[in-house]
Amino acid sequence: MFFVAGAKNTGSGRGIERRSIYQKFREVDILDKKKTVTALKAGEDRAILLGLGMILSSVMMYFVLGITILRSYADSVWTEEGVCVVLNSTITADMNCSYNCGSDCWRVSKYPCLQVYVSVNNTGHVSRLSHNEETQDASSECFYVPKCQKDSVVMHTMIMNISERLKVNQQVPCYYDPSEQQESVLLTRMYGHSAVFHSLFWPSCMLAGGTLIILMVKLTQYLSILCEEIGKIKR
């Protein structure tokens with residue numbers, strides 16, 4: 001009887017030991033799963049914050065572009081493209097400009113004023129040609145306003161090169177006001193279709209990227225929940 005009782009006690013002790021080992025492995029497995037779930041949840045939270053940040057940044061860029069480039073594009077009257085024939089290209093006088101020479105220091109320099117007159121689409125109507133909208137706003141007389149420099153010879157050489165090119169190229173593409181409210185025409189547009197497209201392209205890409213990140217995270221969460229429900233049904 002003693003040997004039988006001892007054998008039973010030994011068998012029950014081994015069973016308890018096996019159960020305790022199984023419980024330890026089970027606890028370690030559950031702990032690892034919790035750590036994995038916690039890490040995945042933290043990664044998902046970061047991805048959602050990244051997507052929201054990208055969306056918010058794109059909205060701010062849209063706002064900034066809306067009050068700068070898009071507004072200038074909407075207010076521009078030089079909307080029609082045509083062909084301008086150069087009739088006259090002459091330097092009329094020297095214009096004063098100021099350049100920065102240091103902290104609270106400004107000095108005066110001079111550049112030649114080049115006036116260019118063209119005929120739009122061979123209509124016989126003579127208009128004055130400006131380089132772009134900034135030149136038109138800075139000087140209503142000169143074709144091009146260079147960046148003011150200390151060395152006036154450099155600016156004079158630049159204007160002379162432009163004048164020679166215009167004499168060689170008698171026909172140039174230009175933009176004019178179809179309503180004829182503006183008598184001047186532009187050689188290039190700063191706020192044309194291309195500028196608007198390039199300014200809206202990157203914010204749109206950022207908005208699409210942020211939205212896609214959030215959708216992918218939500219889709220991953222949905223598939224994870226769906227897999228857990230399917231696993232519970234199979235059990």
# chains A, B, ... in the order shown; residues from 1 in each chain; ligands from 1
>>> residues_around(residues="A:Arg128", least_positions_apart="6", cutoff="9 Å", atoms="only C-alpha atoms", output="ChimeraX atom specification")
/A:115-119,141-143,183-186
>>> residues_around(residues="A:Asp177", least_positions_apart="5", cutoff="7 Å", atoms="only C-alpha atoms", output="PyMOL selection string")
chain A and resi 77-80+182
>>> residues_around(residues="A:Tyr62", least_positions_apart="3", cutoff="12 Å", atoms="only C-alpha atoms", output="list of chain:residue names")
A:Ile55, A:Leu56, A:Ser57, A:Ser58, A:Val59, A:Leu65, A:Gly66, A:Ile67, A:Thr68, A:Ile69, A:Leu70, A:Arg71, A:Val196, A:Ser199, A:Leu200, A:Phe201, A:Trp202, A:Pro203, A:Ser204, A:Cys205, A:Met206, A:Leu207
>>> atom_distance(atom1="atom CA of A:Val217", atom2="atom CA of A:Leu52")
12.1 Å
>>> closest_residue(among="A:Gly82, A:Gly51, A:Gly124, A:Gly231", to="A:Thr188", atoms="only C-alpha atoms")
A:Gly82
>>> select_by_dssp(residues="stretch 64-220 of chain A", states="helix (DSSP H, G or I)", output="ChimeraX atom specification")
/A:64-67,69-75,133-138,152-168,193-220
>>> residues_around(residues="A:Met155", least_positions_apart="6", cutoff="8 Å", atoms="only C-alpha atoms", output="list in words")
Tyr111, Pro112, Pro146, Cys148 and Gln149 of chain A
